[in-house]
Amino acid sequence: MAVHAQTLVSTSWLANMVNRNLVGPGLRILDTSWYLPMMNRDGKKEFAQTHILGASHFDIDDCSDRTSRFDHTLPSEQHFADYVGNLGIGNDSHVVVYDASDYGAFSCTRVWWMFRLFGHPKVSVLNGGFRNWVKEGHPVSGTYTKPEAVRFNATMNRSWVKSFEDVTENIASKKFQVVDVRPHGRFQGIEPEPRDGVDPGHIPGSKCMPFFKFLDDDGMMLSADELKKFFEESQVDLNKHICGTCGSGVTACHMVLAAHLCGTPGVSVYGGSWYEWFTRAPAEHVISEAKNKPRGG
């Protein structure tokens with residue numbers, strides 16, 4: 001079955017596919033729900049209780065380099081290939097990702113980006129997420145049948161990932177724009193970070209575009225015109241190279257998705273994001289308005 005992979009798909013479109021029993025090797029649905037400890041939610045447990053009928057759970061903690069000291073370090077090509085292959089996803093599968101956050105989208109954009117990063121463009125984000133799926137009364141389930149494993153081949157586009165060294169060098173060279181999607185308070189250094197031992201602040205020269213501002217009050221992505229206006233107001237040029245950052249490389253992908261919807265594909269992500277930056281960067285490269293607060297835990 002040939003399925004055209006739009007960047008965003010609607011709840012009504014996906015419900016039609018589910019109701020016609022078309023979820024299978026050609027169409028896979030992934031619940032990618034993941035939360036910060038401060039949110040007091042467990043994506044795996046919630047998935048076991050209720051999820052979109054036919055969906056599997058994608059755990060961004062499991063599908064990462066667990067040997068890294070930093071959160072959500074990207075997995076190897078083989079790790080990603082094995083992980084998604086075990087969810088019944090092949091190179092011909094159309095993948096639809098969503099999460100159950102109150103925002104309408106939180107972690108799903110990270111998984112959307114990961115599929116594209118590893119050479120699989122047939123991936124869509126469910127616009128409005130599980131929040132709107134439930135609100136509209138579409139079918140959910142509390143049971144899970146694991147799909148039959150298939151072969152998946154992955155090839156990483158390494159130009160889409162920036163390292164600590166890349167971002168450090170960029171402070172002087174200004175080869176790309178760095179966009180931080182954490183809330184303004186954390187960016188400015190006046191509100192706490194969710195991780196112990198990490199103070200707030202930002203990378204020198206970076207701009208702030210909080211991830212939740214890419215969404216409207218109903219949890220839907222803003223229109224392309226509204227997104228372009230947001231980039232313009234934030235003094236981010238969509239015609240120049242952009243790199244996203246956040247706390248650990250998850251919500252930065254909201255900005256990547258937004259730029260893609262504006263006709264600017266291939267925005268990169270600083271994988272280590274603020275967690276790595278604060279840990280490794282010299283004090284002068286940690287910009288904060290909290291001048292009198294000592295650095296560290």
# chains A, B, ... in the order shown; residues from 1 in each chain; ligands from 1
call {"tool": "residues_around", "arguments": {"residues": "Ala281 of chain A", "least_positions_apart": "3", "cutoff": "12 Å", "atoms": "only C-alpha atoms", "output": "list in words"}}
result
Phe164, Glu165, Val167, Thr168, Glu169, Ile171, Gly201, His202, Ile203, Pro204, Gly272, Ser273, Trp274, Tyr275, Glu276, Trp277, Phe278, Glu284, His285, Val286, Ile287 and Arg295 of chain A
call {"tool": "write_last_selection", "arguments": {"atoms": "C-alpha atoms", "output": "mmCIF file, in the first residue's frame"}}
result
data_model
loop_
_atom_site.group_PDB
_atom_site.id
_atom_site.type_symbol
_atom_site.label_atom_id
_atom_site.label_comp_id
_atom_site.auth_asym_id
_atom_site.auth_seq_id
_atom_site.Cartn_x
_atom_site.Cartn_y
_atom_site.Cartn_z
ATOM 1 C CA PHE A 164 30.130 20.606 21.440
ATOM 2 C CA GLU A 165 33.229 21.462 19.412
ATOM 3 C CA VAL A 167 29.078 24.993 18.688
ATOM 4 C CA THR A 168 32.171 26.240 20.521
ATOM 5 C CA GLU A 169 33.911 27.110 17.244
ATOM 6 C CA ILE A 171 30.848 31.406 18.814
ATOM 7 C CA GLY A 201 21.652 30.209 31.110
ATOM 8 C CA HIS A 202 22.461 30.099 27.431
ATOM 9 C CA ILE A 203 25.129 29.700 24.774
ATOM 10 C CA PRO A 204 26.729 33.005 23.684
ATOM 11 C CA GLY A 272 24.293 17.442 23.846
ATOM 12 C CA SER A 273 22.355 20.703 24.186
ATOM 13 C CA TRP A 274 22.391 22.681 27.444
ATOM 14 C CA TYR A 275 23.073 19.646 29.643
ATOM 15 C CA GLU A 276 26.397 19.043 27.902
ATOM 16 C CA TRP A 277 27.155 22.728 27.356
ATOM 17 C CA PHE A 278 26.851 23.669 31.029
ATOM 18 C CA GLU A 284 32.542 32.781 30.180
ATOM 19 C CA HIS A 285 30.514 30.724 27.710
ATOM 20 C CA VAL A 286 27.636 30.268 30.169
ATOM 21 C CA ILE A 287 25.583 33.446 29.816
ATOM 22 C CA ARG A 295 27.852 28.050 39.257
#
call {"tool": "select_by_dssp", "arguments": {"residues": "segment 165-283 of chain A", "states": "alpha helix (DSSP H)", "output": "NGL selection string"}}
result
:A and (165-173 or 184-188 or 224-233 or 252-261 or 273-280)
call {"tool": "write_last_selection", "arguments": {"atoms": "N, CA and C atoms", "output": "short mmCIF file (atom, residue, chain, number, x, y, z; two decimals), in the first residue's frame"}}
result
data_model
loop_
_atom_site.label_atom_id
_atom_site.label_comp_id
_atom_site.auth_asym_id
_atom_site.auth_seq_id
_atom_site.Cartn_x
_atom_site.Cartn_y
_atom_site.Cartn_z
N GLU A 165 32.13 20.77 20.08
CA GLU A 165 33.23 21.46 19.41
C GLU A 165 32.71 22.35 18.29
N ASP A 166 31.71 21.87 17.54
CA ASP A 166 31.11 22.67 16.46
C ASP A 166 30.52 23.97 17.02
N VAL A 167 29.77 23.83 18.11
CA VAL A 167 29.08 24.99 18.69
C VAL A 167 30.09 25.94 19.33
N THR A 168 31.12 25.40 19.94
CA THR A 168 32.17 26.24 20.52
C THR A 168 32.87 27.06 19.44
N GLU A 169 33.24 26.42 18.35
CA GLU A 169 33.91 27.11 17.24
C GLU A 169 33.00 28.16 16.63
N ASN A 170 31.70 27.91 16.65
CA ASN A 170 30.74 28.81 16.03
C ASN A 170 30.57 30.13 16.78
N ILE A 171 30.96 30.15 18.05
CA ILE A 171 30.85 31.41 18.81
C ILE A 171 31.64 32.51 18.12
N ALA A 172 32.81 32.15 17.61
CA ALA A 172 33.64 33.12 16.90
C ALA A 172 33.31 33.19 15.41
N SER A 173 33.11 32.03 14.78
CA SER A 173 32.94 32.01 13.33
C SER A 173 31.54 32.42 12.87
N HIS A 184 11.96 31.06 28.29
CA HIS A 184 12.78 32.27 28.45
C HIS A 184 13.49 32.32 29.79
N GLY A 185 12.82 31.91 30.85
CA GLY A 185 13.42 32.00 32.18
C GLY A 185 14.67 31.15 32.31
N ARG A 186 14.63 29.94 31.76
CA ARG A 186 15.82 29.07 31.80
C ARG A 186 16.91 29.63 30.88
N PHE A 187 16.50 30.14 29.73
CA PHE A 187 17.45 30.74 28.79
C PHE A 187 18.16 31.94 29.43
N GLN A 188 17.41 32.76 30.13
CA GLN A 188 17.98 33.96 30.75
C GLN A 188 18.79 33.65 32.00
N ALA A 224 2.10 27.87 8.51
CA ALA A 224 3.41 28.27 7.98
C ALA A 224 3.61 29.77 8.09
N ASP A 225 2.59 30.54 7.81
CA ASP A 225 2.70 32.00 7.90
C ASP A 225 2.96 32.44 9.33
N GLU A 226 2.26 31.83 10.27
CA GLU A 226 2.46 32.17 11.68
C GLU A 226 3.86 31.76 12.15
N LEU A 227 4.32 30.62 11.67
CA LEU A 227 5.67 30.17 12.03
C LEU A 227 6.73 31.11 11.47
N LYS A 228 6.55 31.51 10.22
CA LYS A 228 7.52 32.44 9.60
C LYS A 228 7.57 33.75 10.38
N LYS A 229 6.42 34.20 10.85
CA LYS A 229 6.37 35.44 11.63
C LYS A 229 7.11 35.26 12.96
N PHE A 230 6.97 34.10 13.57
CA PHE A 230 7.66 33.80 14.83
C PHE A 230 9.18 33.81 14.63
N PHE A 231 9.64 33.19 13.55
CA PHE A 231 11.08 33.21 13.25
C PHE A 231 11.55 34.65 13.03
N GLU A 232 10.77 35.40 12.28
CA GLU A 232 11.16 36.79 11.98
C GLU A 232 11.22 37.62 13.26
N GLU A 233 10.22 37.48 14.11
CA GLU A 233 10.19 38.23 15.37
C GLU A 233 11.34 37.83 16.30
N ALA A 252 14.20 20.66 20.99
CA ALA A 252 14.83 21.43 19.91
C ALA A 252 14.23 21.06 18.56
N CYS A 253 13.73 19.83 18.48
CA CYS A 253 13.18 19.33 17.21
C CYS A 253 11.84 19.98 16.86
N HIS A 254 11.20 20.66 17.82
CA HIS A 254 10.03 21.47 17.46
C HIS A 254 10.43 22.55 16.46
N MET A 255 11.56 23.18 16.72
CA MET A 255 12.05 24.23 15.83
C MET A 255 12.45 23.66 14.48
N VAL A 256 13.05 22.47 14.48
CA VAL A 256 13.43 21.81 13.23
C VAL A 256 12.18 21.53 12.40
N LEU A 257 11.14 21.02 13.04
CA LEU A 257 9.88 20.75 12.35
C LEU A 257 9.27 22.05 11.83
N ALA A 258 9.27 23.08 12.65
CA ALA A 258 8.70 24.37 12.24
C ALA A 258 9.42 24.93 11.01
N ALA A 259 10.76 24.88 11.04
CA ALA A 259 11.54 25.36 9.90
C ALA A 259 11.22 24.54 8.65
N HIS A 260 11.08 23.22 8.83
CA HIS A 260 10.74 22.33 7.72
C HIS A 260 9.40 22.74 7.11
N LEU A 261 8.44 23.04 7.95
CA LEU A 261 7.11 23.45 7.47
C LEU A 261 7.16 24.81 6.77
N SER A 273 23.16 19.56 23.73
CA SER A 273 22.35 20.70 24.19
C SER A 273 22.85 21.27 25.52
N TRP A 274 21.95 21.94 26.27
CA TRP A 274 22.39 22.68 27.44
C TRP A 274 23.01 21.79 28.52
N TYR A 275 22.53 20.57 28.65
CA TYR A 275 23.07 19.65 29.64
C TYR A 275 24.57 19.46 29.42
N GLU A 276 24.98 19.20 28.19
CA GLU A 276 26.40 19.04 27.90
C GLU A 276 27.12 20.38 27.97
N TRP A 277 26.48 21.43 27.41
CA TRP A 277 27.15 22.73 27.36
C TRP A 277 27.53 23.23 28.75
N PHE A 278 26.58 23.19 29.68
CA PHE A 278 26.85 23.67 31.03
C PHE A 278 27.95 22.84 31.68
N THR A 279 27.95 21.54 31.41
CA THR A 279 28.92 20.64 32.02
C THR A 279 30.33 20.86 31.50
N ARG A 280 30.46 21.19 30.21
CA ARG A 280 31.78 21.24 29.57
C ARG A 280 32.30 22.64 29.25
#
call {"tool": "residues_around", "arguments": {"residues": "His79 of chain A", "least_positions_apart": "4", "cutoff": "10 Å", "atoms": "only C-alpha atoms", "output": "list in words"}}
result
Asp62, Cys63, Ser64, Asp65, Leu74, Pro75, Tyr83, Val84, Gly85 and Ala154 of chain A
call {"tool": "write_last_selection", "arguments": {"atoms": "N, CA and C atoms", "output": "CSV table (one decimal), in the first residue's frame"}}
result
chain,number,residue,atom,x,y,z
A,62,ASP,N,15.6,4.4,25.6
A,62,ASP,CA,16.1,3.1,25.2
A,62,ASP,C,16.8,3.2,23.8
A,63,CYS,N,16.2,4.0,22.9
A,63,CYS,CA,16.8,4.2,21.6
A,63,CYS,C,17.8,5.4,21.7
A,64,SER,N,18.9,5.2,22.4
A,64,SER,CA,19.9,6.2,22.6
A,64,SER,C,21.2,5.4,23.0
A,65,ASP,N,22.3,6.1,23.0
A,65,ASP,CA,23.6,5.6,23.4
A,65,ASP,C,23.6,5.6,24.9
A,74,LEU,N,22.6,10.3,20.6
A,74,LEU,CA,22.0,9.5,19.5
A,74,LEU,C,22.6,8.1,19.5
A,75,PRO,N,21.7,7.1,19.1
A,75,PRO,CA,22.2,5.7,19.0
A,75,PRO,C,23.0,5.6,17.7
A,83,TYR,N,16.3,-1.3,16.6
A,83,TYR,CA,15.2,-0.8,17.5
A,83,TYR,C,13.9,-0.7,16.7
A,84,VAL,N,14.0,0.0,15.6
A,84,VAL,CA,12.7,0.3,14.9
A,84,VAL,C,12.3,-1.0,14.1
A,85,GLY,N,13.3,-1.8,13.7
A,85,GLY,CA,12.9,-3.0,13.0
A,85,GLY,C,12.2,-3.9,13.9
A,154,ALA,N,19.5,1.7,8.1
A,154,ALA,CA,19.7,3.1,8.5
A,154,ALA,C,21.0,3.7,8.1
call {"tool": "residues_around", "arguments": {"residues": "Asn127 of chain A", "least_positions_apart": "2", "cutoff": "7 Å", "atoms": "only C-alpha atoms", "output": "VMD selection string"}}
result
chain A and resid 8 to 11 125 129 220 to 221
call {"tool": "select_by_dssp", "arguments": {"residues": "segment 35-208 of chain A", "states": "strand (DSSP E)", "output": "list of chain:residue names"}}
result
A:His51, A:Ile52, A:Ser56, A:His57, A:His94, A:Val95, A:Val96, A:Val97, A:Tyr98, A:Val123, A:Ser124, A:Val125, A:Leu126, A:Val140, A:Ser141, A:Val161, A:Lys162, A:Gln177, A:Val178, A:Val179, A:Asp180, A:Lys207, A:Cys208
call {"tool": "atom_distance", "arguments": {"atom1": "atom CA of Leu238 of chain A", "atom2": "atom CA of Arg158 of chain A"}}
result
20.5 Å
call {"tool": "closest_residue", "arguments": {"among": "A:Leu126, A:Cys246, A:Ile190, A:Ala290", "to": "Pro210 of chain A", "atoms": "only C-alpha atoms"}}
result
A:Cys246
call {"tool": "closest_residue", "arguments": {"among": "A:Val161, A:Ala81, A:Val96, A:Leu22", "to": "Gln6 of chain A", "atoms": "only C-alpha atoms"}}
result
A:Val96
call {"tool": "closest_residue", "arguments": {"among": "A:Arg182, A:Gly244, A:Cys108, A:Leu117", "to": "Ser163 of chain A", "atoms": "only C-alpha atoms"}}
result
A:Gly244
call {"tool": "decode", "arguments": {"residues": "segment 26-60 of chain A", "atoms": "N, CA, C and O atoms", "output": "CSV table (one decimal), in the first residue's frame"}}
result
chain,number,residue,atom,x,y,z
A,26,GLY,N,2.7,-1.4,6.3
A,26,GLY,CA,2.8,-0.2,5.5
A,26,GLY,C,2.5,1.1,6.2
A,26,GLY,O,2.8,2.2,5.8
A,27,LEU,N,1.9,1.0,7.4
A,27,LEU,CA,1.6,2.1,8.3
A,27,LEU,C,1.8,1.7,9.7
A,27,LEU,O,1.1,0.9,10.3
A,28,ARG,N,2.8,2.3,10.4
A,28,ARG,CA,3.1,2.1,11.8
A,28,ARG,C,2.9,3.3,12.6
A,28,ARG,O,3.3,4.4,12.2
A,29,ILE,N,2.2,3.2,13.7
A,29,ILE,CA,1.9,4.3,14.6
A,29,ILE,C,2.8,4.2,15.9
A,29,ILE,O,2.9,3.1,16.5
A,30,LEU,N,3.5,5.2,16.3
A,30,LEU,CA,4.4,5.2,17.4
A,30,LEU,C,3.9,6.2,18.5
A,30,LEU,O,3.8,7.4,18.2
A,31,ASP,N,3.7,5.7,19.7
A,31,ASP,CA,3.5,6.6,20.8
A,31,ASP,C,4.9,6.8,21.4
A,31,ASP,O,5.5,5.9,21.9
A,32,THR,N,5.3,8.1,21.3
A,32,THR,CA,6.7,8.4,21.7
A,32,THR,C,6.8,9.2,23.0
A,32,THR,O,7.7,9.8,23.4
A,33,SER,N,5.7,9.0,23.8
A,33,SER,CA,5.6,9.8,25.1
A,33,SER,C,6.8,9.6,26.0
A,33,SER,O,7.1,8.5,26.4
A,34,TRP,N,7.3,10.7,26.4
A,34,TRP,CA,8.5,10.8,27.3
A,34,TRP,C,8.3,12.1,28.1
A,34,TRP,O,7.9,13.1,27.5
A,35,TYR,N,8.7,12.1,29.4
A,35,TYR,CA,8.5,13.3,30.2
A,35,TYR,C,9.7,13.5,31.1
A,35,TYR,O,10.4,12.6,31.5
A,36,LEU,N,9.9,14.8,31.4
A,36,LEU,CA,10.9,15.2,32.4
A,36,LEU,C,10.5,14.7,33.8
A,36,LEU,O,9.3,14.6,34.0
A,37,PRO,N,11.4,14.4,34.7
A,37,PRO,CA,11.0,14.0,36.0
A,37,PRO,C,10.0,14.9,36.7
A,37,PRO,O,9.1,14.5,37.4
A,38,MET,N,10.2,16.2,36.5
A,38,MET,CA,9.4,17.2,37.1
A,38,MET,C,7.9,17.2,36.7
A,38,MET,O,7.0,17.7,37.3
A,39,MET,N,7.7,16.5,35.6
A,39,MET,CA,6.3,16.4,35.1
A,39,MET,C,5.5,15.3,35.8
A,39,MET,O,4.3,15.2,35.6
A,40,ASN,N,6.2,14.4,36.5
A,40,ASN,CA,5.6,13.3,37.3
A,40,ASN,C,4.7,12.5,36.4
A,40,ASN,O,3.5,12.1,36.8
A,41,ARG,N,5.2,12.1,35.2
A,41,ARG,CA,4.4,11.2,34.3
A,41,ARG,C,5.4,10.2,33.8
A,41,ARG,O,6.6,10.4,33.7
A,42,ASP,N,4.8,9.0,33.5
A,42,ASP,CA,5.6,7.9,32.9
A,42,ASP,C,5.0,7.5,31.6
A,42,ASP,O,3.9,6.9,31.6
A,43,GLY,N,5.8,7.7,30.5
A,43,GLY,CA,5.2,7.4,29.2
A,43,GLY,C,5.0,6.0,29.0
A,43,GLY,O,3.9,5.6,28.4
A,44,LYS,N,5.8,5.1,29.5
A,44,LYS,CA,5.7,3.7,29.3
A,44,LYS,C,4.4,3.2,30.0
A,44,LYS,O,3.6,2.4,29.5
A,45,LYS,N,4.2,3.6,31.3
A,45,LYS,CA,3.1,3.1,32.1
A,45,LYS,C,1.8,3.7,31.4
A,45,LYS,O,0.8,2.9,31.4
A,46,GLU,N,1.8,4.9,31.0
A,46,GLU,CA,0.6,5.4,30.4
A,46,GLU,C,0.2,4.7,29.1
A,46,GLU,O,-0.9,4.5,28.8
A,47,PHE,N,1.3,4.4,28.3
A,47,PHE,CA,1.0,3.6,27.1
A,47,PHE,C,0.4,2.3,27.4
A,47,PHE,O,-0.5,1.9,26.7
A,48,ALA,N,0.8,1.6,28.4
A,48,ALA,CA,0.3,0.3,28.8
A,48,ALA,C,-1.2,0.4,29.2
A,48,ALA,O,-2.0,-0.5,29.0
A,49,GLN,N,-1.6,1.6,29.6
A,49,GLN,CA,-3.0,1.8,30.1
A,49,GLN,C,-3.9,2.2,28.9
A,49,GLN,O,-5.0,1.7,28.7
A,50,THR,N,-3.4,3.1,28.0
A,50,THR,CA,-4.2,3.6,26.9
A,50,THR,C,-3.3,4.2,25.8
A,50,THR,O,-2.4,4.9,26.2
A,51,HIS,N,-3.6,3.9,24.6
A,51,HIS,CA,-2.9,4.4,23.5
A,51,HIS,C,-3.7,4.3,22.2
A,51,HIS,O,-4.8,3.7,22.2
A,52,ILE,N,-3.3,4.9,21.1
A,52,ILE,CA,-4.0,4.8,19.9
A,52,ILE,C,-4.0,3.3,19.5
A,52,ILE,O,-3.0,2.7,19.5
A,53,LEU,N,-5.2,2.9,19.0
A,53,LEU,CA,-5.3,1.5,18.6
A,53,LEU,C,-4.3,1.1,17.6
A,53,LEU,O,-4.2,1.8,16.5
A,54,GLY,N,-3.5,0.1,17.8
A,54,GLY,CA,-2.5,-0.4,16.9
A,54,GLY,C,-1.1,0.2,17.0
A,54,GLY,O,-0.2,-0.1,16.3
A,55,ALA,N,-1.0,1.2,18.0
A,55,ALA,CA,0.3,1.9,18.2
A,55,ALA,C,1.3,1.0,19.0
A,55,ALA,O,0.9,0.1,19.7
A,56,SER,N,2.6,1.3,18.8
A,56,SER,CA,3.7,0.7,19.6
A,56,SER,C,4.3,1.9,20.3
A,56,SER,O,4.1,3.0,20.0
A,57,HIS,N,5.1,1.5,21.4
A,57,HIS,CA,5.7,2.6,22.1
A,57,HIS,C,7.2,2.7,21.7
A,57,HIS,O,7.9,1.7,21.6
A,58,PHE,N,7.6,3.9,21.5
A,58,PHE,CA,9.0,4.2,21.1
A,58,PHE,C,9.6,5.0,22.3
A,58,PHE,O,9.1,6.1,22.7
A,59,ASP,N,10.6,4.4,22.9
A,59,ASP,CA,11.2,5.0,24.1
A,59,ASP,C,12.5,5.7,23.7
A,59,ASP,O,13.5,5.0,23.4
A,60,ILE,N,12.6,7.0,23.8
A,60,ILE,CA,13.8,7.7,23.4
A,60,ILE,C,14.9,7.5,24.4
A,60,ILE,O,16.1,7.8,24.0
